[in-house]
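Student: The file below is protein.txt, compact mmCIF, C-alpha atoms:
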```txt
# COMPACT_ATOMS: atom_id res chain seq x y z
CA MET G 1 184.35 188.24 214.77
CA LEU G 2 186.16 186.03 217.26
CA ASN G 3 188.20 182.92 216.84
CA ILE G 4 186.89 179.77 218.45
CA HIS G 5 188.74 180.55 221.68
CA GLY G 6 187.19 184.01 222.03
CA SER G 7 190.04 186.20 220.75
CA LEU G 8 189.03 189.14 218.56
CA ILE G 9 189.77 188.77 214.84
CA SER G 10 187.91 191.75 213.39
CA ASN G 11 185.01 194.13 213.79
CA VAL G 12 182.41 195.12 211.20
CA PRO G 13 182.42 198.94 211.17
CA ASN G 14 179.29 201.01 211.71
CA TYR G 15 178.71 204.13 209.65
CA PRO G 16 176.47 207.07 210.59
CA ALA G 17 173.77 207.69 208.04
CA GLY G 18 174.09 211.44 208.27
CA PRO G 19 172.22 214.25 210.02
CA ASP G 20 168.96 213.68 208.15
CA ARG G 21 168.45 210.00 208.93
CA ASP G 22 169.48 207.27 211.32
CA LEU G 23 171.18 203.99 210.47
CA THR G 24 170.07 201.11 212.66
CA THR G 25 171.27 197.54 212.25
CA VAL G 26 168.29 195.21 212.49
CA THR G 27 168.44 191.45 212.96
CA ILE G 28 165.09 189.77 212.52
CA LEU G 29 163.81 186.23 212.02
CA LEU G 30 162.63 185.52 208.49
CA SER G 31 159.33 184.26 209.91
CA THR G 32 158.85 187.60 211.68
CA LEU G 33 159.68 189.56 208.54
CA SER G 34 157.23 187.43 206.55
CA ARG G 35 154.49 188.15 209.09
CA VAL G 36 155.22 191.90 209.01
CA LEU G 37 155.01 191.97 205.21
CA THR G 38 151.86 189.84 205.11
CA ASP G 39 150.16 192.10 207.65
CA ALA G 40 151.15 195.14 205.58
CA LEU G 41 149.60 193.59 202.45
CA ALA G 42 146.39 192.86 204.34
CA ARG G 43 146.15 196.50 205.42
CA GLU G 44 146.47 197.51 201.75
CA GLY G 45 143.68 195.12 200.77
CA VAL G 46 145.99 192.76 198.85
CA ALA G 47 144.88 189.13 198.88
CA VAL G 48 147.54 186.54 199.74
CA HIS G 49 146.91 182.93 198.69
CA THR G 50 149.04 180.36 200.50
CA ASN G 51 149.79 176.69 199.80
CA LYS G 52 149.99 177.31 196.07
CA HIS G 53 152.55 175.26 194.13
CA LEU G 54 153.38 176.68 190.72
CA VAL G 55 153.43 174.14 187.91
CA SER G 56 153.76 176.16 184.72
CA ILE G 57 153.85 179.65 183.23
CA GLU G 58 152.44 180.62 179.83
CA GLN G 59 153.11 184.02 178.28
CA PRO G 60 153.02 185.56 174.79
CA SER G 61 156.27 186.20 172.97
CA ASP G 62 154.88 188.89 170.65
CA GLY G 63 155.43 191.77 173.07
CA SER G 64 151.93 191.86 174.53
CA LEU G 65 151.32 191.76 178.26
CA GLY G 66 149.84 188.82 180.12
CA VAL G 67 150.95 185.73 182.03
CA MET G 68 148.97 182.61 182.93
CA ALA G 69 150.19 180.75 186.01
CA THR G 70 148.91 177.22 186.65
CA PHE G 71 149.13 175.56 190.07
CA MET G 72 149.32 171.99 191.29
CA ASP G 73 145.77 172.05 192.63
CA GLY G 74 144.44 172.68 189.13
CA THR G 75 143.69 176.37 189.61
CA SER G 76 145.22 179.14 187.53
CA ALA G 77 145.69 182.90 187.73
CA TYR G 78 146.14 185.54 185.05
CA GLY G 79 148.04 188.81 185.39
CA ASP G 80 150.07 191.38 183.47
CA ILE G 81 153.42 190.22 184.90
CA VAL G 82 154.92 187.60 187.22
CA VAL G 83 157.63 188.44 189.76
CA GLY G 84 159.52 185.32 190.78
CA ALA G 85 160.55 185.92 194.40
CA ASP G 86 160.44 182.23 195.30
CA GLY G 87 163.95 181.70 196.58
CA VAL G 88 166.98 179.62 195.70
CA HIS G 89 164.91 176.68 194.39
CA SER G 90 162.73 179.02 192.33
CA THR G 91 160.05 177.38 190.21
CA VAL G 92 159.75 180.58 188.19
CA ARG G 93 163.48 180.54 187.40
CA THR G 94 163.25 176.90 186.34
CA ALA G 95 160.38 177.75 183.99
CA LEU G 96 162.29 180.66 182.45
CA PHE G 97 165.87 179.36 182.51
CA PRO G 98 165.84 175.59 183.15
CA ASP G 99 169.62 175.27 182.77
CA ARG G 100 170.30 177.56 185.76
CA VAL G 101 170.45 175.37 188.86
CA PRO G 102 171.79 176.03 192.38
CA HIS G 103 174.84 174.26 193.75
CA GLU G 104 175.72 173.60 197.36
CA ALA G 105 178.03 176.05 199.13
CA GLY G 106 180.06 173.24 200.68
CA PHE G 107 178.82 173.33 204.26
CA VAL G 108 175.78 172.58 206.38
CA GLY G 109 174.09 174.65 209.07
CA TYR G 110 172.27 173.85 212.31
CA ALA G 111 170.02 176.58 213.69
CA GLY G 112 167.69 177.31 216.59
CA VAL G 113 165.77 180.02 218.42
CA VAL G 114 165.98 180.40 222.19
CA ASP G 115 164.56 182.79 224.77
CA ASP G 116 167.22 184.85 226.51
CA ASN G 117 168.01 183.41 229.91
CA PRO G 118 169.69 184.96 232.97
CA PHE G 119 171.60 181.70 233.23
CA PHE G 120 173.54 182.51 230.06
CA ASP G 121 176.91 183.99 231.01
CA TRP G 122 177.31 185.58 227.57
CA THR G 123 174.85 186.91 225.02
CA PRO G 124 175.45 189.37 222.17
CA SER G 125 173.86 192.79 221.87
CA GLU G 126 173.54 192.36 218.09
CA LEU G 127 175.69 189.84 216.20
CA GLN G 128 178.57 187.70 217.37
CA THR G 129 180.54 185.36 215.13
CA CYS G 130 183.06 182.78 216.30
CA ALA G 131 185.17 180.99 213.69
CA ASP G 132 187.47 177.99 213.96
CA THR G 133 189.92 178.73 211.16
CA THR G 134 191.59 175.33 211.42
CA THR G 135 188.42 173.38 210.60
CA GLY G 136 186.18 175.96 208.89
CA ARG G 137 183.49 175.59 211.56
CA SER G 138 181.75 178.68 212.87
CA LEU G 139 179.03 179.91 215.18
CA GLN G 140 176.82 182.96 214.88
CA VAL G 141 174.55 184.23 217.64
CA LEU G 142 172.17 187.08 216.85
CA ARG G 143 169.69 188.93 218.99
CA VAL G 144 166.48 188.90 216.96
CA SER G 145 164.25 190.58 219.55
CA LYS G 146 164.44 192.01 223.04
CA ASP G 147 164.14 188.56 224.61
CA GLN G 148 165.07 186.10 221.83
CA LEU G 149 168.35 184.85 220.37
CA PHE G 150 168.99 183.01 217.13
CA TRP G 151 172.03 180.74 216.86
CA VAL G 152 173.46 178.96 213.86
CA MET G 153 176.40 176.56 213.63
CA TYR G 154 178.17 175.87 210.33
CA GLU G 155 180.60 173.15 209.34
CA PRO G 156 182.15 172.15 205.99
CA LYS G 157 180.68 168.99 204.54
CA HIS G 158 184.10 167.34 204.43
CA HIS G 159 184.28 167.71 208.25
CA GLN G 160 180.78 166.37 208.88
CA THR G 161 181.95 163.21 210.66
CA ASP G 162 181.44 163.93 214.36
CA LEU G 163 177.95 162.50 214.42
CA GLY G 164 178.00 160.45 211.27
CA ASN G 165 175.27 161.47 208.84
CA TRP G 166 172.97 162.78 211.56
CA LYS G 167 170.97 165.91 210.87
CA PRO G 168 168.20 167.52 212.98
CA ARG G 169 164.70 166.72 211.78
CA PHE G 170 161.46 168.55 212.46
CA ASP G 171 159.57 165.31 213.04
CA ALA G 172 162.11 163.78 215.43
CA ASN G 173 162.16 163.74 219.23
CA LEU G 174 163.28 167.27 220.13
CA SER G 175 165.02 166.27 223.37
CA GLN G 176 167.05 163.64 221.58
CA GLU G 177 167.97 166.01 218.75
CA LYS G 178 169.07 168.67 221.23
CA GLN G 179 171.26 166.22 223.10
CA ARG G 180 173.02 165.18 219.91
CA LEU G 181 173.60 168.76 218.79
CA MET G 182 174.84 169.75 222.28
CA GLU G 183 177.38 166.96 222.01
CA LEU G 184 178.46 168.33 218.64
CA ALA G 185 178.95 171.82 220.16
CA LYS G 186 181.07 170.35 222.95
CA ARG G 187 183.24 168.46 220.48
CA TRP G 188 183.80 171.68 218.58
CA GLU G 189 184.95 173.30 221.87
CA LEU G 190 182.55 176.20 221.43
CA GLN G 191 181.89 178.65 224.25
CA SER G 192 180.34 176.92 227.25
CA VAL G 193 177.05 178.81 226.93
CA VAL G 194 176.34 177.40 223.43
CA PRO G 195 175.23 173.92 224.60
CA TRP G 196 172.83 175.64 226.98
CA MET G 197 171.42 177.72 224.14
CA ILE G 198 170.82 174.48 222.27
CA ARG G 199 169.26 172.85 225.32
CA TYR G 200 166.71 175.65 225.77
CA ALA G 201 165.96 176.04 222.03
CA LYS G 202 162.28 175.92 221.12
CA GLU G 203 163.12 174.10 217.89
CA ILE G 204 166.16 173.22 215.82
CA ALA G 205 166.59 172.73 212.11
CA THR G 206 169.22 171.97 209.50
CA PHE G 207 169.83 173.57 206.14
CA THR G 208 172.29 173.42 203.26
CA PRO G 209 173.21 176.85 201.83
CA HIS G 210 173.39 177.14 198.05
CA PHE G 211 174.94 179.43 195.49
CA ILE G 212 173.70 180.64 192.13
CA GLU G 213 175.98 183.14 190.42
CA PRO G 214 173.94 186.22 189.39
CA LEU G 215 172.17 185.27 186.19
CA PRO G 216 173.15 187.15 183.01
CA GLN G 217 169.44 187.61 182.29
CA TRP G 218 166.87 188.34 185.01
CA SER G 219 163.68 188.52 182.97
CA LYS G 220 161.95 186.91 180.02
CA TYR G 221 159.02 188.58 178.35
CA ASN G 222 156.59 189.40 181.19
CA CYS G 223 158.35 187.53 184.01
CA VAL G 224 161.17 188.81 186.19
CA LEU G 225 163.24 187.31 189.01
CA LEU G 226 163.97 188.87 192.36
CA GLY G 227 166.27 188.06 195.30
CA ALA G 228 167.70 184.56 195.70
CA ALA G 229 165.84 183.35 192.61
CA LYS G 230 168.52 185.09 190.54
CA HIS G 231 171.59 185.36 192.81
CA ALA G 232 171.47 182.83 195.63
CA MET G 233 174.11 182.90 198.35
CA PRO G 234 174.45 182.11 202.06
CA SER G 235 173.24 184.94 204.28
CA PHE G 236 176.63 186.33 205.28
CA LEU G 237 176.01 189.32 207.61
CA GLY G 238 172.45 189.48 206.29
CA HIS G 239 173.44 190.41 202.74
CA ALA G 240 171.14 187.84 201.11
CA CYS G 241 167.94 189.23 202.60
CA ALA G 242 169.17 192.84 202.33
CA LEU G 243 169.81 192.48 198.59
CA ALA G 244 166.33 191.03 198.08
CA LEU G 245 164.73 193.98 199.89
CA GLU G 246 166.80 196.37 197.77
CA ASP G 247 165.54 194.56 194.67
CA VAL G 248 161.96 195.14 195.83
CA ASP G 249 162.63 198.85 196.36
CA VAL G 250 164.18 199.35 192.92
CA LEU G 251 161.77 197.18 190.92
CA ALA G 252 158.69 198.70 192.55
CA GLU G 253 159.96 202.21 191.86
CA LEU G 254 160.65 201.44 188.20
CA LEU G 255 157.28 199.74 187.66
CA ALA G 256 155.54 202.71 189.26
CA ARG G 257 157.32 205.09 186.87
CA LEU G 258 156.98 202.86 183.79
CA PRO G 259 153.55 201.26 184.30
CA ASN G 260 152.93 200.78 180.59
CA ASP G 261 156.34 199.36 179.78
CA PRO G 262 157.24 196.66 182.31
CA ARG G 263 159.78 195.04 179.99
CA ARG G 264 161.76 198.26 179.90
CA ALA G 265 161.43 198.48 183.67
CA PHE G 266 162.77 194.91 183.96
CA GLN G 267 165.83 195.71 181.84
CA MET G 268 166.57 198.93 183.73
CA TYR G 269 166.18 197.03 187.00
CA GLN G 270 168.84 194.54 185.88
CA ASP G 271 171.15 197.25 184.50
CA LEU G 272 170.95 199.14 187.77
CA ARG G 273 171.21 196.23 190.17
CA TYR G 274 173.60 193.79 188.52
CA PRO G 275 176.94 195.50 189.35
CA ARG G 276 176.06 195.85 193.03
CA VAL G 277 174.60 192.35 193.34
CA LYS G 278 177.62 190.77 191.61
CA MET G 279 180.09 192.70 193.78
CA ILE G 280 178.44 191.61 197.03
CA TRP G 281 177.92 188.07 195.74
CA ASP G 282 181.67 187.87 194.99
CA ILE G 283 182.53 189.10 198.50
CA VAL G 284 180.22 186.56 200.14
CA ARG G 285 181.49 183.76 197.90
CA GLU G 286 185.09 184.50 198.85
CA GLU G 287 184.34 184.83 202.57
CA THR G 288 182.35 181.59 202.49
CA ARG G 289 185.17 179.81 200.70
CA LYS G 290 187.58 180.85 203.45
CA MET G 291 185.16 179.92 206.24
CA SER G 292 184.21 176.57 204.75
CA GLY G 293 187.79 175.55 204.05
CA ALA G 294 187.66 174.84 200.34
CA THR G 295 191.08 173.22 200.66
CA GLN G 296 193.09 171.95 203.60
CA MET G 297 195.76 174.59 202.91
CA GLU G 298 193.18 177.37 203.23
CA VAL G 299 191.86 176.24 206.58
CA LYS G 300 195.42 176.01 207.91
CA VAL G 301 196.05 179.66 207.10
CA GLY G 302 193.96 180.37 210.20
CA ASP G 303 193.28 183.68 211.90
CA PHE G 304 195.72 185.58 209.69
CA ALA G 305 193.61 184.93 206.61
CA LEU G 306 190.45 186.18 208.29
CA ARG G 307 192.19 189.26 209.66
CA TRP G 308 193.54 190.08 206.22
CA SER G 309 190.17 189.30 204.64
CA ALA G 310 188.37 191.61 207.07
CA ALA G 311 190.87 194.39 206.40
CA PHE G 312 190.61 193.92 202.65
CA SER G 313 186.80 193.88 202.81
CA SER G 314 186.90 197.33 204.42
CA MET G 315 188.81 198.75 201.46
CA LYS G 316 187.23 200.19 198.37
CA ARG G 317 185.85 197.51 196.04
CA GLY G 318 185.35 198.85 192.56
CA ASN G 319 183.42 202.09 192.98
CA LEU G 320 181.68 201.10 196.22
CA THR G 321 182.92 201.65 199.76
CA PRO G 322 181.54 199.78 202.81
CA LYS G 323 179.55 202.91 203.68
CA GLU G 324 177.87 202.79 200.29
CA ILE G 325 177.13 199.10 200.79
CA LEU G 326 175.29 199.88 204.02
CA LEU G 327 173.60 203.08 202.87
CA TYR G 328 172.03 202.06 199.57
CA ASP G 329 169.30 204.37 198.28
CA GLY G 330 167.26 202.39 195.76
CA ARG G 331 164.84 205.18 194.89
CA GLY G 332 167.69 207.65 194.43
CA ALA G 333 169.49 205.18 192.17
CA VAL G 334 166.36 204.83 190.01
CA LEU G 335 165.94 208.59 189.69
CA GLU G 336 169.59 208.97 188.72
CA LEU G 337 169.29 206.24 186.09
CA LEU G 338 166.14 207.74 184.60
CA SER G 339 167.82 211.13 184.51
CA ARG G 340 170.86 209.73 182.69
CA ASN G 341 168.55 208.10 180.15
CA GLY G 342 166.72 211.37 179.56
CA SER G 343 163.53 210.07 181.11
CA SER G 344 161.39 211.98 183.60
CA GLN G 345 158.45 209.70 184.20
CA ARG G 346 156.46 210.59 187.28
CA ARG G 347 155.66 207.97 189.84
CA ASN G 348 152.11 206.54 189.66
```
Kindly present the structure from the file in structure tokens form.
Tutor:
Amino acid sequence: MLNIHGSLISNVPNYPAGPDRDLTTVTILLSTLSRVLTDALAREGVAVHTNKHLVSIEQPSDGSLGVMATFMDGTSAYGDIVVGADGVHSTVRTALFPDRVPHEAGFVGYAGVVDDNPFFDWTPSELQTCADTTTGRSLQVLRVSKDQLFWVMYEPKHHQTDLGNWKPRFDANLSQEKQRLMELAKRWELQSVVPWMIRYAKEIATFTPHFIEPLPQWSKYNCVLLGAAKHAMPSFLGHACALALEDVDVLAELLARLPNDPRRAFQMYQDLRYPRVKMIWDIVREETRKMSGATQMEVKVGDFALRWSAAFSSMKRGNLTPKEILLYDGRGAVLELLSRNGSSQRRN
């Protein structure tokens, strides 16, 4: 992490995974990950139906299995269970727990994808973060493939005055949008290469990160929530997506070992995952609060606060060290939990 003038504030440590496996940091576009997963489902013969908008869920409350999902186009589908992995604005969560709603994180983001260019005088090998601790603005540049970069600029909503209420739009003139965002980067005094990254971007977009504190209950009868549907947060160092993938690993393992008792699997999934999810959610919430400048006093603390924060984040939090954050073994955690509970179900 650098300050806005390029001086080093902190590094995120790397930890070897051990002699029996390698640890590789991967940055990947969500669209690429979605395509990889969809292709994998196709190879397994799993049908994927797109452009379906969930309207309602009906399920028995007497302990029997079965869920009926009805969609906006009038079609419906029946299954044993429903897994709500539909993100921060989850329709499944709304159906199960209508009082649980997301709230804005306090800042907006501008993002784009650009092909690497020999003209750029600086590009990161993996992830580079620049933060302006006096205004709460920041820039992240990530290499998402051998020849592509992803950039994202954040600013607190109370500082969003440089360009009025302007936000990039998918249906607008791309050249005009780029010019406006380049001007914003110049006003922020970001590194000189950033306006060029914006200029050569294939597309740009805006987004407003949201928070939902980890729900006290993740399932109801035959429906269960996964990922951002139950613990939304900005993707700080990739934790948001990483936690969702860990959820998949743990839930799939439990359902495979308890195929006739999904409700028990749901409860064990929550018991196992909640402490870790809440710990990381708290870390991201605190880091985001510092970066977004929740108060004017906090943003004036400057580089010292981020240096101290980075040092503190590297210390032991509860029973988890940074190494354990990076080297999470979902299947091993499930086996340990089953063993503690005196269960020895084999995986189906």
Student: Hey, which of G:Val26, G:Ala185, G:Leu243, G:Leu338 ends up closest to Leu258 (chain G)? Count all atoms listed in the file.
Tutor: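 Nearest to Leu258 (chain G): G:Leu338.
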Student: Taking the point (167.1, 176.0, 215.7) as given in the file, collect each protein or nucleic acid residue that comes within 7 Å of it, counting all atoms listed in the file, and present the set as a PyMOL selection string.
Tutor: chain G and resi 110-113+151+201+203-205
Student: Output the selection as an mmCIF file, in the frame of the given file - C-alpha atoms for each residue.
Tutor:
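New file again.cif:
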```cif
data_model
loop_
_atom_site.group_PDB
_atom_site.id
_atom_site.type_symbol
_atom_site.label_atom_id
_atom_site.label_comp_id
_atom_site.auth_asym_id
_atom_site.auth_seq_id
_atom_site.Cartn_x
_atom_site.Cartn_y
_atom_site.Cartn_z
ATOM 1 C CA TYR G 110 172.270 173.850 212.310
ATOM 2 C CA ALA G 111 170.020 176.580 213.690
ATOM 3 C CA GLY G 112 167.690 177.310 216.590
ATOM 4 C CA VAL G 113 165.770 180.020 218.420
ATOM 5 C CA TRP G 151 172.030 180.740 216.860
ATOM 6 C CA ALA G 201 165.960 176.040 222.030
ATOM 7 C CA GLU G 203 163.120 174.100 217.890
ATOM 8 C CA ILE G 204 166.160 173.220 215.820
ATOM 9 C CA ALA G 205 166.590 172.730 212.110
#
```
Student: Could you pull the residues within 9 Å of Gly66 (chain G), counting all atoms listed in the file, minus those fewer than 4 positions along the same chain, as a PyMOL selection string?
Tutor: chain G and resi 58-60+78-82+222
Student: Using all atoms listed in the file, what table do you get, as CSV, when you list each residue of region 59-119 of chain G with an atom no more than 12 Å from region 269-285 of chain G, its nearest pair of atoms, and their distance in Å rounded to one decimal, rows by chain then rising number?
Tutor:
```
residue,atom,partner,partner_atom,distance
G:Glu104,CA,G:Arg285,CA,11.7
G:Ala105,CA,G:Arg285,CA,8.5
G:Gly106,CA,G:Arg285,CA,11.0
```
Student: Under the rule that all atoms listed in the file are counted, which of G:Thr32, G:Gly84, G:Glu189, G:His53 is the nearest residue to Thr135 (chain G)?
Tutor: G:Glu189
Student: Please compute the CA of Phe150 (chain G)-CA of Asp39 (chain G) distance, one decimal, in Å.
Tutor: 23.0 Å
Student: Could you please determine the separation between CA of Pro102 (chain G) and CA of Leu254 (chain G) in Å, to one decimal place?
Tutor: 28.1 Å
Student: Counting all atoms listed in the file, what is within 7 Å of region 88-97 of chain G, bar same-chain residues fewer than 5 positions away, as a ChimeraX atom specification?
Tutor: /G:54,56-57,102,220,225,228-229,232
Student: Report, as JSON, the centre and edge lengths in Å (one decimal) of the axis-aligned box enclosing every listed atom of region 81-98 of chain G, padded by 6 Å on each side.
Tutor:
```
{"center_x": 160.2, "center_y": 182.9, "center_z": 189.5, "size_x": 25.6, "size_y": 26.6, "size_z": 26.1}
```
Student: Using all atoms listed in the file, which residues sit within 9 Å of Tyr221 (chain G) once same-chain residues fewer than 3 positions away are excluded, as a VMD selection string?
Tutor: chain G and resid 59 to 65 81 224 263
Student: CA of Val334 (chain G) to CA of Phe266 (chain G): how many Å, to one decimal?
Tutor: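 Calculated distance between CA of Val334 (chain G) and CA of Phe266 (chain G) is 12.2 Å.
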Student: Could you check which of G:Leu181, G:Phe71, G:Arg187, G:Tyr200 is closest to Asp116 (chain G), using only C-alpha atoms?
Tutor: G:Tyr200
Student: Point out the residue among G:His103, G:Arg199, G:Lys230, G:His49 with the least atom-to-atom distance to Ala85 (chain G), counting all atoms listed in the file.
Tutor: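 Closest to Ala85 (chain G) of all the choices is G:Lys230.
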Student: So that I can see what lies close to Ser34 (chain G), please list as a short mmCIF file (atom, residue, chain, number, x, y, z; two decimals) with C-alpha atoms, in the coordinates of the input the residues with an atom at most 12 Å from it, counting all atoms listed in the file and leaving out residues fewer than 6 positions away in the same chain.
Tutor:
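Output file around-v6.cif follows:
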```
data_model
loop_
_atom_site.label_atom_id
_atom_site.label_comp_id
_atom_site.auth_asym_id
_atom_site.auth_seq_id
_atom_site.Cartn_x
_atom_site.Cartn_y
_atom_site.Cartn_z
CA ILE G 28 165.09 189.77 212.52
CA ALA G 40 151.15 195.14 205.58
CA LEU G 41 149.60 193.59 202.45
CA VAL G 48 147.54 186.54 199.74
CA CYS G 241 167.94 189.23 202.60
CA LEU G 245 164.73 193.98 199.89
#
```
